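To start, the structure under review is shown below, and the notes come after it.
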Amino acid sequence: MTPRRVTVLGATGSIGSSTLDVLGRHPERYRVHALTAHRSREALLAQCRRHRPAVAVLDAEEDAAWLRGQLAEAGLATTEVRAGREALVEVAEAREVDTVMSAIVGAAGLLPTLAAVKAGKRVLLANKEALVMSGALFMDAVTRHGATLLPIDSEHNAIFQCLPVEHRGGLGRHGVRQLLLTASGGPFRGWSRDDLARVTPDQACAHPNWSMGRKISVDSATLMNKGLELIEACWLFEARPDQVQVVVHPQSVIHSMAAYSDGSVIAQLGNPDMRTPIAYGLAWPERIDAGVEALDLFQVARLDFEPADETAFPCLRLAREAMAAGGTAPAVLNAANEVAVEAFLAGRLGFTDIAELVARVRDERPVVPAGDLETILEADVIARRAAHAWLARQ
Ligand code: NAD
Ligand code: MG
């Protein structure tokens, strides 16, 4: 079998390193073409030593020069080291690449992910922000360029596994009544708005079931992550927002479900370990070892379900409203949220003010049709500016 060549965008992150863990278990099936990181040059060096990619990419030329020097010293100069955003796009669309893992966090992942889609690659999508920003345009590019899009977000990967292989044309056509999007509820499940006002970044990043990057950890704590996932589900599976029900399920063992018109509900279960959806995306339609322990149902013992509290966690409602508003509204929501989360992590914004800031920016920005990439990127830039201006006034 000729090994598939894989580019991992955001290799040094939580999803990126889990991806390399799975790839490393199957050297006969996969070769690493390129690894990219923003600034974490030490971590990228360690990954280059282990996986010997053809190309490594960092953001700044200064970091790239450092990595070049280190690799030369280690006798690994076969890895070409590049810097900057254009290099990210190039390793995503390179002719020799079959598969691209999109695991950069935030809007920064949009252009390289779209480049992979437009080059018709197998795209493993972890970077939900890219799809939230550019929904219709992104899905249209997948169809037009014949890309294979495999959702890696655990919930969407679960739904993908619960739907018929061919699920295009709307849920109704396939007898699906509703998608049930499970949520752990985050570290503050059951807390009141008053309690939430005082939480710290470290508390917010201590997720009960999943170990993840800091941005998505905060999003999980505010439930904005579930809001972004609701939007993501609408685009991936051609669902209307009212066809997606959020179900809080604290054990995070059921990763999501599809409810059919005959009353059947199909669920995907597993230990909360991202290597399962990553291995699924890499090998689909086959199955490979992911290094994940078998699920022990006796140890799980019980599965609980409850509705989400949208009063304490208004971000979920804000996201649903943005999806219903359409056009640039989700891109504005995402941009304002990225600025808010960064300010919260830097200690400059309270936890409950994240939703407040997102709502203020939303109220300020008109919704326009998101027909082309320029309009979306402009909505993103202007929303960030509005968010920074709001922060400056506090
Ligand atoms: P992370 O913060 O751990 O890693 C982010 C990676 O992107 C790093 O390699 C970093 O160097 C790179 N990066 C950051 N900013 C960049 C920029 N401006 N330009 C280029 N590269 C940049 O994040 P993560 O938890 O691995 O999440 C990655 C994506 O996957 C996010 O969109 C997240 O929502 C999604 N996701 C993560 C999980 C999870 O379990 N961690 C689950 C589902 C979805
Ligand atoms: Mg998820």
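If you're wondering about the labels, chains in the structure tokens are A, B, ... by order shown, residues count from 1 in each chain, ligands from 1 in order shown.
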Residues within 7 Å of ligand 1 should be enumerated using only C-alpha atoms and all ligand atoms and returned as an mmCIF file with N, CA and C atoms, in the first residue's frame.
data_model
loop_
_atom_site.group_PDB
_atom_site.id
_atom_site.type_symbol
_atom_site.label_atom_id
_atom_site.label_comp_id
_atom_site.auth_asym_id
_atom_site.auth_seq_id
_atom_site.Cartn_x
_atom_site.Cartn_y
_atom_site.Cartn_z
ATOM 1 N N LEU A 9 -1.903 20.833 10.106
ATOM 2 C CA LEU A 9 -1.907 22.273 10.398
ATOM 3 C C LEU A 9 -2.211 22.426 11.887
ATOM 4 N N GLY A 10 -1.343 23.110 12.624
ATOM 5 C CA GLY A 10 -1.547 23.220 14.072
ATOM 6 C C GLY A 10 -1.062 21.965 14.779
ATOM 7 N N ALA A 11 0.115 21.466 14.343
ATOM 8 C CA ALA A 11 0.613 20.167 14.818
ATOM 9 C C ALA A 11 0.953 20.160 16.300
ATOM 10 N N THR A 12 1.339 21.310 16.845
ATOM 11 C CA THR A 12 1.805 21.324 18.235
ATOM 12 C C THR A 12 0.670 21.456 19.245
ATOM 13 N N GLY A 13 -0.550 21.628 18.762
ATOM 14 C CA GLY A 13 -1.685 21.779 19.677
ATOM 15 C C GLY A 13 -2.187 20.445 20.186
ATOM 16 N N SER A 14 -3.295 20.521 20.898
ATOM 17 C CA SER A 14 -3.881 19.328 21.495
ATOM 18 C C SER A 14 -4.327 18.337 20.399
ATOM 19 N N ILE A 15 -5.070 18.818 19.407
ATOM 20 C CA ILE A 15 -5.515 17.933 18.310
ATOM 21 C C ILE A 15 -4.318 17.511 17.456
ATOM 22 N N GLY A 16 -3.417 18.466 17.196
ATOM 23 C CA GLY A 16 -2.242 18.153 16.377
ATOM 24 C C GLY A 16 -1.422 17.030 16.993
ATOM 25 N N THR A 36 2.906 22.178 11.002
ATOM 26 C CA THR A 36 2.950 23.632 11.189
ATOM 27 C C THR A 36 2.619 24.006 12.627
ATOM 28 N N ALA A 37 3.218 25.120 13.065
ATOM 29 C CA ALA A 37 2.918 25.667 14.390
ATOM 30 C C ALA A 37 2.997 27.182 14.301
ATOM 31 N N HIS A 38 2.422 27.841 15.277
ATOM 32 C CA HIS A 38 2.442 29.302 15.283
ATOM 33 C C HIS A 38 3.780 29.781 15.824
ATOM 34 N N ARG A 39 3.982 29.620 17.153
ATOM 35 C CA ARG A 39 5.233 30.070 17.757
ATOM 36 C C ARG A 39 5.977 28.987 18.517
ATOM 37 N N SER A 40 5.335 27.833 18.751
ATOM 38 C CA SER A 40 5.950 26.827 19.629
ATOM 39 C C SER A 40 7.038 26.045 18.892
ATOM 40 N N ASP A 59 5.349 30.715 12.188
ATOM 41 C CA ASP A 59 4.818 32.004 11.745
ATOM 42 C C ASP A 59 5.946 32.994 11.414
ATOM 43 N N ALA A 103 -6.133 21.759 12.189
ATOM 44 C CA ALA A 103 -6.207 21.854 13.662
ATOM 45 C C ALA A 103 -5.572 23.128 14.199
ATOM 46 N N ILE A 104 -5.580 24.177 13.351
ATOM 47 C CA ILE A 104 -5.208 25.506 13.868
ATOM 48 C C ILE A 104 -6.419 26.000 14.644
ATOM 49 N N VAL A 105 -6.206 26.778 15.697
ATOM 50 C CA VAL A 105 -7.357 27.292 16.441
ATOM 51 C C VAL A 105 -7.755 28.663 15.872
ATOM 52 N N GLY A 106 -9.078 28.861 15.716
ATOM 53 C CA GLY A 106 -9.599 30.172 15.354
ATOM 54 C C GLY A 106 -9.554 30.503 13.874
ATOM 55 N N ALA A 108 -7.584 32.021 12.102
ATOM 56 C CA ALA A 108 -6.297 31.860 11.412
ATOM 57 C C ALA A 108 -6.270 30.586 10.571
ATOM 58 N N GLY A 109 -7.153 29.646 10.868
ATOM 59 C CA GLY A 109 -7.171 28.388 10.121
ATOM 60 C C GLY A 109 -7.967 28.451 8.826
ATOM 61 N N ALA A 126 -11.014 19.886 12.292
ATOM 62 C CA ALA A 126 -11.169 20.139 13.727
ATOM 63 C C ALA A 126 -11.462 21.629 13.936
ATOM 64 N N ASN A 127 -10.861 22.450 13.085
ATOM 65 C CA ASN A 127 -10.976 23.916 13.197
ATOM 66 C C ASN A 127 -12.404 24.396 12.876
ATOM 67 N N LYS A 128 -13.286 24.292 13.873
ATOM 68 C CA LYS A 128 -14.695 24.623 13.628
ATOM 69 C C LYS A 128 -14.904 26.084 13.271
ATOM 70 N N GLU A 129 -14.006 26.968 13.777
ATOM 71 C CA GLU A 129 -14.195 28.400 13.524
ATOM 72 C C GLU A 129 -14.196 28.701 12.023
ATOM 73 N N ILE A 152 -14.030 16.145 12.588
ATOM 74 C CA ILE A 152 -13.223 15.595 13.680
ATOM 75 C C ILE A 152 -13.778 16.004 15.043
ATOM 76 N N ASP A 153 -14.449 17.144 15.097
ATOM 77 C CA ASP A 153 -15.116 17.523 16.345
ATOM 78 C C ASP A 153 -15.903 16.279 16.785
ATOM 79 N N SER A 154 -15.740 15.861 18.048
ATOM 80 C CA SER A 154 -16.253 14.536 18.435
ATOM 81 C C SER A 154 -17.754 14.383 18.180
ATOM 82 N N TRP A 210 -12.399 16.430 29.096
ATOM 83 C CA TRP A 210 -11.534 16.528 27.928
ATOM 84 C C TRP A 210 -10.336 17.401 28.257
ATOM 85 N N SER A 211 -9.171 17.056 27.679
ATOM 86 C CA SER A 211 -8.025 17.943 27.827
ATOM 87 C C SER A 211 -7.795 18.617 26.475
ATOM 88 N N MET A 212 -7.886 19.952 26.441
ATOM 89 C CA MET A 212 -7.936 20.670 25.159
ATOM 90 C C MET A 212 -7.143 21.970 25.254
ATOM 91 N N GLY A 213 -6.966 22.645 24.115
ATOM 92 C CA GLY A 213 -6.338 23.961 24.095
ATOM 93 C C GLY A 213 -7.140 24.955 24.925
ATOM 94 N N ARG A 214 -6.509 26.093 25.279
ATOM 95 C CA ARG A 214 -7.162 27.030 26.203
ATOM 96 C C ARG A 214 -8.377 27.723 25.603
ATOM 97 N N LYS A 215 -8.323 28.034 24.311
ATOM 98 C CA LYS A 215 -9.454 28.763 23.710
ATOM 99 C C LYS A 215 -10.710 27.899 23.724
ATOM 100 N N ILE A 216 -10.596 26.662 23.254
ATOM 101 C CA ILE A 216 -11.791 25.803 23.218
ATOM 102 C C ILE A 216 -12.229 25.430 24.637
ATOM 103 N N MET A 274 -9.855 12.236 21.777
ATOM 104 C CA MET A 274 -9.973 12.719 20.398
ATOM 105 C C MET A 274 -9.276 11.820 19.388
#
Please identify every residue of chain A that has at least one atom no farther than 8 Å from an atom of ligand 2, counting only C-alpha atoms and all ligand atoms, and for each give the shortest atom pair and the distance in Å to one decimal, arranged by chain then increasing number, as a tab-separated table.
residue	atom	partner	partner_atom_place_in_ligand_line	distance
A:Asp153	CA	ligand 2	1 (Mg)	4.6
A:Ser154	CA	ligand 2	1 (Mg)	4.9
A:Glu155	CA	ligand 2	1 (Mg)	5.3
A:His156	CA	ligand 2	1 (Mg)	7.4
A:Ala183	CA	ligand 2	1 (Mg)	7.9
A:Asn225	CA	ligand 2	1 (Mg)	7.2
A:Lys226	CA	ligand 2	1 (Mg)	7.3
A:Glu229	CA	ligand 2	1 (Mg)	6.7
- prompt: Closest to A:Arg287 among A:Ala116, A:Arg4, A:His26, A:Ala147, using only C-alpha atoms?
  reply: A:His26
message: Just want the 9 Å neighbourhood of A:Gly327, counted on only C-alpha atoms, with same-chain residues fewer than 6 positions away dropped. Output as a list in words.
response: Ser134, Ala136, Val367, Val368, Pro369, Ala370, Gly371 and Ile376 of chain A
Atoms to include: N, CA and C atoms. Write the selected residues as a PDB file, in the first residue's frame.
ATOM      1  N   SER A 134     -17.461  30.772   7.448  1.00  0.00           N
ATOM      2  CA  SER A 134     -17.636  30.805   5.993  1.00  0.00           C
ATOM      3  C   SER A 134     -18.634  29.772   5.491  1.00  0.00           C
ATOM      4  N   ALA A 136     -21.588  28.597   4.038  1.00  0.00           N
ATOM      5  CA  ALA A 136     -22.112  28.260   2.709  1.00  0.00           C
ATOM      6  C   ALA A 136     -20.979  28.176   1.697  1.00  0.00           C
ATOM      7  N   VAL A 367     -25.950  42.744   9.460  1.00  0.00           N
ATOM      8  CA  VAL A 367     -25.748  41.437   8.823  1.00  0.00           C
ATOM      9  C   VAL A 367     -25.843  41.634   7.314  1.00  0.00           C
ATOM     10  N   VAL A 368     -24.807  41.211   6.593  1.00  0.00           N
ATOM     11  CA  VAL A 368     -24.863  41.287   5.129  1.00  0.00           C
ATOM     12  C   VAL A 368     -24.654  39.884   4.556  1.00  0.00           C
ATOM     13  N   PRO A 369     -25.091  39.640   3.321  1.00  0.00           N
ATOM     14  CA  PRO A 369     -24.891  38.304   2.744  1.00  0.00           C
ATOM     15  C   PRO A 369     -23.400  37.964   2.669  1.00  0.00           C
ATOM     16  N   ALA A 370     -23.062  36.711   3.011  1.00  0.00           N
ATOM     17  CA  ALA A 370     -21.651  36.296   3.029  1.00  0.00           C
ATOM     18  C   ALA A 370     -21.313  35.598   1.715  1.00  0.00           C
ATOM     19  N   GLY A 371     -21.460  36.340   0.610  1.00  0.00           N
ATOM     20  CA  GLY A 371     -21.326  35.734  -0.709  1.00  0.00           C
ATOM     21  C   GLY A 371     -19.902  35.406  -1.116  1.00  0.00           C
ATOM     22  N   ILE A 376     -16.496  38.136   4.089  1.00  0.00           N
ATOM     23  CA  ILE A 376     -16.396  37.416   5.363  1.00  0.00           C
ATOM     24  C   ILE A 376     -15.174  37.902   6.150  1.00  0.00           C
TER      25      ILE A 376
END
task: Record the distance separating atom CA of A:Leu67 and atom CA of A:Glu96, expressed in Å with one decimal.
output: 23.3 Å
query: Which residues come within 12 Å of A:Val142, counting only C-alpha atoms, excluding same-chain residues fewer than 4 positions away, as a PyMOL selection string?
result: chain A and resi 113-123+125+131+134-138+146-150+235-236
Saved selection, atoms kept: N, CA and C atoms, as a tab-separated table (two decimals), in the first residue's frame:
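In the end it all went to selection_13.tsv:
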chain	number	residue	atom	x	y	z
A	113	THR	N	-7.26	26.03	5.41
A	113	THR	CA	-8.27	24.96	5.32
A	113	THR	C	-9.01	25.05	3.98
A	114	LEU	N	-9.38	26.27	3.61
A	114	LEU	CA	-10.05	26.45	2.32
A	114	LEU	C	-9.15	26.05	1.17
A	115	ALA	N	-7.85	26.31	1.33
A	115	ALA	CA	-6.90	25.93	0.28
A	115	ALA	C	-6.90	24.41	0.11
A	116	ALA	N	-6.93	23.69	1.21
A	116	ALA	CA	-6.96	22.22	1.15
A	116	ALA	C	-8.24	21.74	0.47
A	117	VAL	N	-9.36	22.39	0.82
A	117	VAL	CA	-10.65	22.04	0.22
A	117	VAL	C	-10.59	22.28	-1.29
A	118	LYS	N	-10.08	23.44	-1.67
A	118	LYS	CA	-10.06	23.80	-3.11
A	118	LYS	C	-9.09	22.92	-3.89
A	119	ALA	N	-8.14	22.30	-3.20
A	119	ALA	CA	-7.22	21.38	-3.88
A	119	ALA	C	-7.80	19.96	-3.86
A	120	GLY	N	-9.04	19.81	-3.37
A	120	GLY	CA	-9.72	18.51	-3.44
A	120	GLY	C	-9.16	17.46	-2.49
A	121	LYS	N	-8.55	17.90	-1.38
A	121	LYS	CA	-7.95	16.94	-0.45
A	121	LYS	C	-9.00	16.24	0.42
A	122	ARG	N	-8.55	15.20	1.12
A	122	ARG	CA	-9.32	14.69	2.24
A	122	ARG	C	-9.03	15.65	3.39
A	123	VAL	N	-10.06	16.36	3.86
A	123	VAL	CA	-9.85	17.38	4.89
A	123	VAL	C	-10.47	16.91	6.20
A	125	LEU	N	-11.57	18.05	9.54
A	125	LEU	CA	-11.87	19.37	10.08
A	125	LEU	C	-12.05	19.37	11.59
A	131	LEU	N	-15.33	26.87	9.55
A	131	LEU	CA	-16.63	26.54	8.96
A	131	LEU	C	-17.72	27.50	9.46
A	134	SER	N	-17.46	30.77	7.45
A	134	SER	CA	-17.64	30.80	5.99
A	134	SER	C	-18.63	29.77	5.49
A	135	GLY	N	-19.45	29.20	6.40
A	135	GLY	CA	-20.39	28.10	6.12
A	135	GLY	C	-20.75	27.77	4.68
A	136	ALA	N	-21.59	28.60	4.04
A	136	ALA	CA	-22.11	28.26	2.71
A	136	ALA	C	-20.98	28.18	1.70
A	137	LEU	N	-20.09	29.16	1.77
A	137	LEU	CA	-18.97	29.22	0.84
A	137	LEU	C	-18.07	27.98	0.97
A	138	PHE	N	-17.82	27.59	2.21
A	138	PHE	CA	-16.98	26.44	2.51
A	138	PHE	C	-17.60	25.16	1.96
A	146	GLY	N	-14.63	18.65	-5.13
A	146	GLY	CA	-14.57	17.21	-4.88
A	146	GLY	C	-13.72	16.85	-3.66
A	147	ALA	N	-13.69	17.73	-2.66
A	147	ALA	CA	-12.93	17.40	-1.44
A	147	ALA	C	-13.73	16.39	-0.61
A	148	THR	N	-13.02	15.63	0.21
A	148	THR	CA	-13.69	14.72	1.14
A	148	THR	C	-13.59	15.34	2.52
A	149	LEU	N	-14.73	15.76	3.06
A	149	LEU	CA	-14.72	16.47	4.34
A	149	LEU	C	-15.12	15.52	5.45
A	150	LEU	N	-14.22	15.31	6.41
A	150	LEU	CA	-14.54	14.43	7.53
A	150	LEU	C	-14.47	15.22	8.84
A	235	TRP	N	-24.25	23.34	8.99
A	235	TRP	CA	-23.58	23.36	7.68
A	235	TRP	C	-23.19	21.95	7.23
A	236	LEU	N	-22.64	21.18	8.14
A	236	LEU	CA	-22.15	19.85	7.74
A	236	LEU	C	-23.28	18.94	7.30
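Neighbouring residues of A:Pro3 at 10 Å or closer, counting only C-alpha atoms and skipping chain neighbours under 2 positions away, are Met1, Arg5, Val6, His26, Pro27, Glu28, Arg29, Tyr30, Arg31, Val32 and Asp98 of chain A.
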